[in-house]
Amino acid sequence: MSWDWEKLQQQNRQHRQQGSGGGMPPQMDDLMEKLKNFKFTGGPVIIIIVAAAIFLATSMVYTVGVDEVGIVQFFGKYVRNTTPGLHFKLPAGIEKVTKVRIRHVFKEEFGFKTIRTARSQAPSESENITESLMLTGDLNVALVPWIVQYKVKDPFNYLFKVQDVTRLLRDLSEASMRLVIGDRSINEVISKREEIAIEAREVLQKELDHAETGILVTTVEMKKTNVPGPVQPAFNEVNQATQEKEKMIYQAKEDYNKAIPAARGEAERTIRAAEGYALERINRADGDAKRFVALYQEYVKAKDVTKRRIYLEMMKELLPKLGDKYIIDSDQKNVLPLLNLGKQSGVVK
């Protein structure tokens, strides 16, 4: 048989009305109907109060990162620091929290700017000649780009002692670098970048501490230093002439180091030879004197014998050196036979 739906709904409503009069609990359909017909009065005020309560509750809870420190202000006045983790505070408008990254290394670029684009993965650089153009101690012009890396060592000073700490850092860094470059020659600026970077970091840190910025400079990195484009050819010629000069100086020093020690050695050898010769002459003279004294002593003891022996020894030494010897009779009175002495052996005298 077919169901009569409308008749069934009417019977259910009658049963519910009878049941409500007899203490039966209301059905779900009745509750839904009542909720649909219910009209809420004072709705906007309640909504505002609930939203405000939610906002105040969420503003009382905050989290500090592991590389941060929280600076809490009570009506604008500093009251405390908070460490990393979950913390509670008074609602917004009463206490304010500022998070400072104390472990992060910040970077400021001078004389150029790194540009990163979505199309190119590798960053590009654009020059800022106004910052990098500097006058050296020998009145030359150089382009000096550099990078300053720093950390926050005192969050209180970093937030409250300086109004624009980044602007002050850039101004002091540029002033410190110009001070150091102004005491150097152009060749030192190009060749001694590491030394200049260390000196500039010391000067900059001293000025930042004096200004109570709360910044610790970790490194100052010098980029490639050069001269402006219009003077580059002249500068290259000067460098080439300087290198040629240094080459000639080194070559002259090399020749000097070779010649002077050789001359000193030759002089020393000559002196030693002269000293040896003098010593030899002295010893020989001393020996001859002692020999003569000994001979004289023997001569005194036997004059004739000693005299004859000395004569014979001298003749023995001299006769081999005389060459041809001619013995002539002492009774010969005529000189004519002497003219043919050389012809006997076929030798012309």
# chains A, B, ... in the order shown; residues from 1 in each chain; ligands from 1
>>> closest_atom_pairs(of="region 56-153 of chain A", to="region 202-221 of chain A", cutoff="12 Å", atoms="only C-alpha atoms", output="CSV")
residue,atom,partner,partner_atom,distance
A:Val100,CA,A:Gly214,CA,11.6
A:Arg101,CA,A:Ile215,CA,11.7
A:Ile102,CA,A:Ile215,CA,9.7
A:Arg103,CA,A:Leu216,CA,11.0
A:His104,CA,A:Thr218,CA,11.3
A:Val105,CA,A:Thr218,CA,8.3
A:Phe106,CA,A:Val217,CA,9.5
A:Lys107,CA,A:Thr219,CA,9.7
A:Glu108,CA,A:Val220,CA,9.9
A:Glu109,CA,A:Glu221,CA,9.7
A:Phe110,CA,A:Glu221,CA,10.3
A:Val144,CA,A:Glu221,CA,10.8
A:Pro145,CA,A:Glu221,CA,8.9
A:Trp146,CA,A:Glu221,CA,5.6
A:Ile147,CA,A:Glu221,CA,5.1
A:Val148,CA,A:Val220,CA,4.7
A:Gln149,CA,A:Thr219,CA,5.3
A:Tyr150,CA,A:Val217,CA,4.2
A:Lys151,CA,A:Leu216,CA,5.2
A:Val152,CA,A:Ile215,CA,4.8
A:Lys153,CA,A:Gly214,CA,5.5
>>> write_last_selection(atoms="N, CA and C atoms", output="CSV table (one decimal), in the first residue's frame")
chain,number,residue,atom,x,y,z
A,100,VAL,N,65.4,41.2,18.7
A,100,VAL,CA,66.7,41.6,18.0
A,100,VAL,C,67.5,40.3,17.8
A,101,ARG,N,68.0,40.2,16.5
A,101,ARG,CA,68.8,39.0,16.2
A,101,ARG,C,70.2,39.3,16.6
A,102,ILE,N,70.7,38.6,17.6
A,102,ILE,CA,72.0,38.9,18.1
A,102,ILE,C,73.1,37.9,17.5
A,103,ARG,N,72.7,36.8,16.9
A,103,ARG,CA,73.6,35.9,16.4
A,103,ARG,C,73.7,36.0,14.8
A,104,HIS,N,72.8,36.7,14.3
A,104,HIS,CA,72.9,36.8,12.8
A,104,HIS,C,73.9,37.8,12.4
A,105,VAL,N,74.6,37.5,11.3
A,105,VAL,CA,75.7,38.4,10.8
A,105,VAL,C,75.1,39.2,9.7
A,106,PHE,N,75.0,40.5,9.9
A,106,PHE,CA,74.5,41.5,8.9
A,106,PHE,C,75.6,41.9,8.0
A,107,LYS,N,75.2,42.4,6.9
A,107,LYS,CA,76.2,42.8,5.9
A,107,LYS,C,75.8,44.2,5.2
A,108,GLU,N,76.7,45.0,5.1
A,108,GLU,CA,76.5,46.3,4.4
A,108,GLU,C,77.6,46.4,3.3
A,109,GLU,N,77.2,46.8,2.1
A,109,GLU,CA,78.0,46.9,0.9
A,109,GLU,C,78.3,48.3,0.6
A,110,PHE,N,79.5,48.7,0.3
A,110,PHE,CA,79.9,50.0,0.0
A,110,PHE,C,80.6,50.1,-1.4
A,144,VAL,N,87.6,52.2,-4.4
A,144,VAL,CA,87.8,51.2,-3.3
A,144,VAL,C,86.4,50.7,-2.8
A,145,PRO,N,85.9,49.6,-3.3
A,145,PRO,CA,84.7,49.0,-2.8
A,145,PRO,C,85.0,48.0,-1.6
A,146,TRP,N,84.1,47.9,-0.6
A,146,TRP,CA,84.4,47.0,0.5
A,146,TRP,C,83.0,46.6,1.1
A,147,ILE,N,83.1,45.6,2.0
A,147,ILE,CA,82.0,45.0,2.7
A,147,ILE,C,82.2,45.0,4.2
A,148,VAL,N,81.2,45.4,5.0
A,148,VAL,CA,81.3,45.4,6.4
A,148,VAL,C,80.3,44.3,6.9
A,149,GLN,N,80.8,43.4,7.7
A,149,GLN,CA,79.9,42.4,8.3
A,149,GLN,C,79.9,42.6,9.8
A,150,TYR,N,78.8,42.6,10.5
A,150,TYR,CA,78.7,42.9,11.9
A,150,TYR,C,77.6,42.1,12.6
A,151,LYS,N,77.6,42.1,13.9
A,151,LYS,CA,76.6,41.6,14.8
A,151,LYS,C,76.1,42.6,15.8
A,152,VAL,N,75.0,42.3,16.4
A,152,VAL,CA,74.5,43.1,17.5
A,152,VAL,C,75.0,42.5,18.8
A,153,LYS,N,75.9,43.3,19.5
A,153,LYS,CA,76.4,42.8,20.8
A,153,LYS,C,75.7,43.4,22.0
>>> select_by_dssp(residues="region 140-249 of chain A", states="strand (DSSP E or B)", output="short mmCIF file (atom, residue, chain, number, x, y, z; two decimals) with N, CA and C atoms, in the first residue's frame")
data_model
loop_
_atom_site.label_atom_id
_atom_site.label_comp_id
_atom_site.auth_asym_id
_atom_site.auth_seq_id
_atom_site.Cartn_x
_atom_site.Cartn_y
_atom_site.Cartn_z
N VAL A 141 93.70 59.02 -7.37
CA VAL A 141 92.30 58.66 -7.17
C VAL A 141 92.15 57.16 -7.35
N ALA A 142 91.42 56.53 -6.42
CA ALA A 142 91.23 55.08 -6.47
C ALA A 142 89.77 54.75 -6.24
N LEU A 143 89.33 53.63 -6.82
CA LEU A 143 87.99 53.09 -6.58
C LEU A 143 88.12 51.95 -5.57
N TRP A 146 84.12 47.92 -0.64
CA TRP A 146 84.37 47.03 0.49
C TRP A 146 83.04 46.59 1.12
N ILE A 147 83.12 45.59 1.99
CA ILE A 147 81.96 45.02 2.68
C ILE A 147 82.23 45.04 4.18
N VAL A 148 81.22 45.40 4.96
CA VAL A 148 81.30 45.38 6.42
C VAL A 148 80.29 44.35 6.92
N GLN A 149 80.77 43.40 7.69
CA GLN A 149 79.92 42.39 8.33
C GLN A 149 79.94 42.63 9.84
N TYR A 150 78.76 42.58 10.46
CA TYR A 150 78.68 42.93 11.88
C TYR A 150 77.58 42.14 12.57
N LYS A 151 77.64 42.14 13.91
CA LYS A 151 76.61 41.55 14.76
C LYS A 151 76.15 42.59 15.77
N VAL A 152 75.04 42.27 16.43
CA VAL A 152 74.53 43.12 17.51
C VAL A 152 75.03 42.55 18.83
N ILE A 215 77.08 47.68 18.26
CA ILE A 215 77.43 46.86 17.09
C ILE A 215 78.86 46.35 17.25
N LEU A 216 79.07 45.09 16.87
CA LEU A 216 80.40 44.48 16.84
C LEU A 216 80.74 44.16 15.39
N VAL A 217 81.79 44.80 14.88
CA VAL A 217 82.23 44.56 13.51
C VAL A 217 83.05 43.28 13.48
N THR A 218 82.59 42.30 12.73
CA THR A 218 83.31 41.02 12.64
C THR A 218 84.41 41.06 11.58
N THR A 219 84.10 41.52 10.39
CA THR A 219 85.11 41.59 9.33
C THR A 219 84.84 42.80 8.43
N VAL A 220 85.94 43.29 7.85
CA VAL A 220 85.88 44.28 6.77
C VAL A 220 86.61 43.67 5.59
N GLU A 221 85.89 43.42 4.53
CA GLU A 221 86.45 42.74 3.35
C GLU A 221 86.62 43.74 2.22
N MET A 222 87.86 43.86 1.74
CA MET A 222 88.15 44.75 0.63
C MET A 222 87.92 44.01 -0.69
N ASN A 226 90.86 49.50 -7.79
CA ASN A 226 91.36 49.89 -9.10
C ASN A 226 91.31 51.41 -9.20
#
>>> closest_residue(among="A:Glu275, A:Leu179, A:Thr98, A:Thr82", to="Tyr158 (chain A)", atoms="only C-alpha atoms")
A:Thr98
>>> atom_distance(atom1="CA of His87 (chain A)", atom2="CA of Val64 (chain A)")
7.8 Å
>>> select_by_dssp(residues="region 150-184 of chain A", states="helix (DSSP H, G or I)", output="number ranges by chain")
A: 155-160, 165-181
>>> atom_distance(atom1="CA of Thr306 (chain A)", atom2="CA of Asp286 (chain A)")
21.8 Å
